[in-house]
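Content type PDB, C-alpha atoms, pLDDT in the B column, from the file model24.pdb:
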```
ATOM      1  CA  MET A 610       0.000   0.000   0.000  1.00 59.00           C
ATOM      2  CA  ALA A 611       1.016   3.628  -0.348  1.00 81.00           C
ATOM      3  CA  MET A 612       1.114   6.422   2.180  1.00 86.00           C
ATOM      4  CA  VAL A 613      -2.383   7.781   2.801  1.00 90.00           C
ATOM      5  CA  ARG A 614      -2.551  11.545   3.409  1.00 92.00           C
ATOM      6  CA  ILE A 615      -4.586  12.534   6.455  1.00 91.00           C
ATOM      7  CA  SER A 616      -5.540  15.813   8.057  1.00 92.00           C
ATOM      8  CA  PRO A 617      -2.477  16.840  10.100  1.00 91.00           C
ATOM      9  CA  LEU A 618      -2.752  15.408  13.608  1.00 92.00           C
ATOM     10  CA  GLU A 619      -0.637  16.926  16.371  1.00 94.00           C
ATOM     11  CA  VAL A 620       1.365  14.307  18.285  1.00 96.00           C
ATOM     12  CA  HIS A 621       4.080  14.210  20.926  1.00 96.00           C
ATOM     13  CA  VAL A 622       7.407  12.840  19.689  1.00 96.00           C
ATOM     14  CA  ARG A 623      10.347  11.859  21.873  1.00 96.00           C
ATOM     15  CA  THR A 624      13.621  12.494  20.067  1.00 94.00           C
ATOM     16  CA  ASP A 625      17.229  11.472  20.448  1.00 92.00           C
ATOM     17  CA  TRP A 626      19.140  13.968  22.569  1.00 92.00           C
ATOM     18  CA  PHE A 627      22.087  14.291  20.176  1.00 91.00           C
ATOM     19  CA  ASP A 628      20.738  14.099  16.620  1.00 88.00           C
ATOM     20  CA  GLY A 629      17.023  14.967  16.995  1.00 87.00           C
ATOM     21  CA  ARG A 630      15.755  11.824  15.299  1.00 92.00           C
ATOM     22  CA  PRO A 631      12.336  10.546  16.434  1.00 95.00           C
ATOM     23  CA  ARG A 632      12.510   7.639  18.917  1.00 96.00           C
ATOM     24  CA  SER A 633       8.828   7.252  19.877  1.00 96.00           C
ATOM     25  CA  ILE A 634       5.448   8.742  18.962  1.00 96.00           C
ATOM     26  CA  ARG A 635       2.631   9.305  21.445  1.00 95.00           C
ATOM     27  CA  ILE A 636      -0.748   9.290  19.716  1.00 89.00           C
ATOM     28  CA  ALA A 637      -3.620   9.823  22.156  1.00 86.00           C
ATOM     29  CA  GLN A 638      -2.561   7.642  25.128  1.00 90.00           C
ATOM     30  CA  ALA A 639      -0.551   5.061  23.159  1.00 92.00           C
ATOM     31  CA  THR A 640       3.237   5.311  22.798  1.00 94.00           C
ATOM     32  CA  VAL A 641       4.634   3.689  19.652  1.00 94.00           C
ATOM     33  CA  PRO A 642       8.398   3.040  19.338  1.00 96.00           C
ATOM     34  CA  VAL A 643      10.144   4.119  16.136  1.00 95.00           C
ATOM     35  CA  VAL A 644      12.030   1.178  14.628  1.00 95.00           C
ATOM     36  CA  ALA A 645      13.780   3.098  11.831  1.00 94.00           C
ATOM     37  CA  VAL A 646      13.963   6.508  10.193  1.00 95.00           C
ATOM     38  CA  GLU A 647      13.621   5.821   6.463  1.00 94.00           C
ATOM     39  CA  ALA A 648      13.975   9.357   5.083  1.00 94.00           C
ATOM     40  CA  VAL A 649      14.619  12.927   6.226  1.00 94.00           C
ATOM     41  CA  ARG A 650      13.827  16.045   4.204  1.00 92.00           C
ATOM     42  CA  GLU A 651      14.627  19.542   5.408  1.00 90.00           C
ATOM     43  CA  GLU A 652      12.637  22.430   3.984  1.00 85.00           C
ATOM     44  CA  SER A 653      14.770  25.318   5.168  1.00 81.00           C
ATOM     45  CA  ALA A 654      15.169  27.094   1.811  1.00 81.00           C
ATOM     46  CA  ALA A 655      11.759  26.501   0.208  1.00 77.00           C
ATOM     47  CA  TYR A 656       8.795  26.084   2.525  1.00 75.00           C
ATOM     48  CA  PRO A 657       5.125  27.073   2.813  1.00 71.00           C
ATOM     49  CA  ALA A 658       4.879  30.680   4.000  1.00 76.00           C
ATOM     50  CA  ALA A 659       1.994  29.845   6.330  1.00 76.00           C
ATOM     51  CA  THR A 660       3.938  27.219   8.308  1.00 75.00           C
ATOM     52  CA  GLY A 661       7.559  28.329   8.004  1.00 83.00           C
ATOM     53  CA  PRO A 662      10.583  26.021   7.852  1.00 90.00           C
ATOM     54  CA  ARG A 663       9.975  22.376   8.656  1.00 89.00           C
ATOM     55  CA  THR A 664      11.602  18.962   8.588  1.00 92.00           C
ATOM     56  CA  LEU A 665       9.812  15.886   7.270  1.00 93.00           C
ATOM     57  CA  PHE A 666      10.609  12.389   8.548  1.00 95.00           C
ATOM     58  CA  ARG A 667       9.348   9.082   7.167  1.00 95.00           C
ATOM     59  CA  VAL A 668       9.524   6.623  10.069  1.00 95.00           C
ATOM     60  CA  LEU A 669       8.802   2.943  10.512  1.00 94.00           C
ATOM     61  CA  THR A 670       7.054   1.570  13.610  1.00 93.00           C
ATOM     62  CA  PRO A 671       5.975  -2.002  14.395  1.00 92.00           C
ATOM     63  CA  ALA A 672       2.402  -1.131  13.380  1.00 88.00           C
ATOM     64  CA  ALA A 673       2.724   1.318  10.465  1.00 91.00           C
ATOM     65  CA  ARG A 674       4.809   3.828   8.532  1.00 94.00           C
ATOM     66  CA  TYR A 675       4.257   7.489   9.378  1.00 94.00           C
ATOM     67  CA  ALA A 676       5.101  10.770   7.684  1.00 95.00           C
ATOM     68  CA  LEU A 677       6.031  13.093  10.569  1.00 95.00           C
ATOM     69  CA  THR A 678       6.522  16.828  10.191  1.00 93.00           C
ATOM     70  CA  TYR A 679       8.316  19.079  12.659  1.00 93.00           C
ATOM     71  CA  GLU A 680       7.406  22.767  12.294  1.00 90.00           C
ATOM     72  CA  HIS A 681      10.372  24.744  13.612  1.00 89.00           C
ATOM     73  CA  GLY A 682       8.547  28.055  14.105  1.00 86.00           C
ATOM     74  CA  ARG A 683       5.753  26.573  16.225  1.00 90.00           C
ATOM     75  CA  ARG A 684       7.865  23.736  17.709  1.00 92.00           C
ATOM     76  CA  ARG A 685       5.136  21.210  16.983  1.00 94.00           C
ATOM     77  CA  TRP A 686       5.073  17.661  15.579  1.00 95.00           C
ATOM     78  CA  PHE A 687       2.353  16.444  13.203  1.00 96.00           C
ATOM     79  CA  VAL A 688       1.447  13.168  11.487  1.00 95.00           C
ATOM     80  CA  GLU A 689       0.504  13.980   7.887  1.00 94.00           C
ATOM     81  CA  ALA A 690       0.332  10.511   6.297  1.00 94.00           C
ATOM     82  CA  LEU A 691       0.435   6.846   7.232  1.00 91.00           C
ATOM     83  CA  ASP A 692       0.772   3.429   5.658  1.00 91.00           C
ATOM     84  CA  PRO A 693      -0.824   0.742   7.835  1.00 86.00           C
ATOM     85  CA  ASP A 694       0.534  -2.090   5.644  1.00 79.00           C
ATOM     86  CA  VAL A 695       4.061  -2.787   6.871  1.00 71.00           C
ATOM     87  CA  SER A 696       4.082  -6.443   5.760  1.00 62.00           C
ATOM     88  CA  ALA A 697       6.295  -5.548   2.777  1.00 51.00           C
ATOM     89  CA  ARG A 698       8.719  -3.466   4.823  1.00 53.00           C
ATOM     90  CA  PRO A 699      12.456  -3.979   4.505  1.00 56.00           C
ATOM     91  CA  ALA A 700      14.245  -5.609   7.426  1.00 52.00           C
ATOM     92  CA  ALA A 701      15.485  -3.065   9.956  1.00 51.00           C
ATOM     93  CA  ALA A 702      19.197  -3.244  10.640  1.00 47.00           C
TER      94      ALA A 702
END
```
Is it possible to give me this structure as structure tokens?
Amino acid sequence: MAMVRISPLEVHVRTDWFDGRPRSIRIAQATVPVVAVEAVREESAAYPAATGPRTLFRVLTPAARYALTYEHGRRRWFVEALDPDVSARPAAA
């Protein structure tokens, strides 16, 4: 399956102290560990004027893939897309 775009949902993300990579996502009352960070895209030169600079992460969890966005100006994390089918995922190293 492909990533399904959803209305941005604000979440709490725990990050690594040194490199800022997501380590776990708290959605509602459930905390989901991040198994791997598949891609990182920084939008510091070209970004939407309404939101300001942001960094996009595609992360893999045991249950699904998520497209996370960190908005630097507001210091907020959002889930913008998900792929609930992780059966075809590559093996995490």
Discussion item. Counting all atoms listed in the file, which residue out of A:Arg635, A:Pro657, A:Val695, A:Phe666 sits closest to A:Gly682?
Written reply: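 Of A:Arg635, A:Pro657, A:Val695, A:Phe666, the one nearest A:Gly682 is A:Pro657, counting all atoms listed in the file.
Taking only C-alpha atoms into account, the polymer residues that have an atom no farther than 12 Å from (-1.4, 12.3, 4.8) are A:Ala611, A:Met612, A:Val613, A:Arg614, A:Ile615, A:Ser616, A:Pro617, A:Leu618, A:Arg667, A:Arg674, A:Tyr675, A:Ala676, A:Leu677, A:Thr678, A:Phe687, A:Val688, A:Glu689, A:Ala690, A:Leu691, A:Asp692, A:Pro693.
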Pull out every residue that the PyMOL selection byres ((chain A and resi 640) around 12) matches in the shown coordinates and put them as a PDB file with C-alpha atoms, in the coordinates of the input.
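Final output, result-v5.pdb:
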```pdb
ATOM      1  CA  VAL A 620       1.365  14.307  18.285  1.00 96.00           C
ATOM      2  CA  HIS A 621       4.080  14.210  20.926  1.00 96.00           C
ATOM      3  CA  VAL A 622       7.407  12.840  19.689  1.00 96.00           C
ATOM      4  CA  ARG A 623      10.347  11.859  21.873  1.00 96.00           C
ATOM      5  CA  ARG A 632      12.510   7.639  18.917  1.00 96.00           C
ATOM      6  CA  SER A 633       8.828   7.252  19.877  1.00 96.00           C
ATOM      7  CA  ILE A 634       5.448   8.742  18.962  1.00 96.00           C
ATOM      8  CA  ARG A 635       2.631   9.305  21.445  1.00 95.00           C
ATOM      9  CA  ILE A 636      -0.748   9.290  19.716  1.00 89.00           C
ATOM     10  CA  ALA A 637      -3.620   9.823  22.156  1.00 86.00           C
ATOM     11  CA  GLN A 638      -2.561   7.642  25.128  1.00 90.00           C
ATOM     12  CA  ALA A 639      -0.551   5.061  23.159  1.00 92.00           C
ATOM     13  CA  VAL A 641       4.634   3.689  19.652  1.00 94.00           C
ATOM     14  CA  PRO A 642       8.398   3.040  19.338  1.00 96.00           C
ATOM     15  CA  VAL A 643      10.144   4.119  16.136  1.00 95.00           C
ATOM     16  CA  THR A 670       7.054   1.570  13.610  1.00 93.00           C
ATOM     17  CA  PRO A 671       5.975  -2.002  14.395  1.00 92.00           C
ATOM     18  CA  ALA A 672       2.402  -1.131  13.380  1.00 88.00           C
TER      19      ALA A 672
END
```
Fill in: Within 12 Å of file point (13.9, 11.6, 4.9), counting all atoms listed in the file, expressed as a ChimeraX atom specification
/A:630-631,645-652,664-669,675-678
Emit as JSON the padded axis-aligned box for all listed atoms of stretch 665-682 of chain A, 4 Å per side, with centre and edge lengths in Å to one decimal.
```
{"center_x": 6.5, "center_y": 13.0, "center_z": 10.8, "size_x": 16.2, "size_y": 38.1, "size_z": 15.2}
```
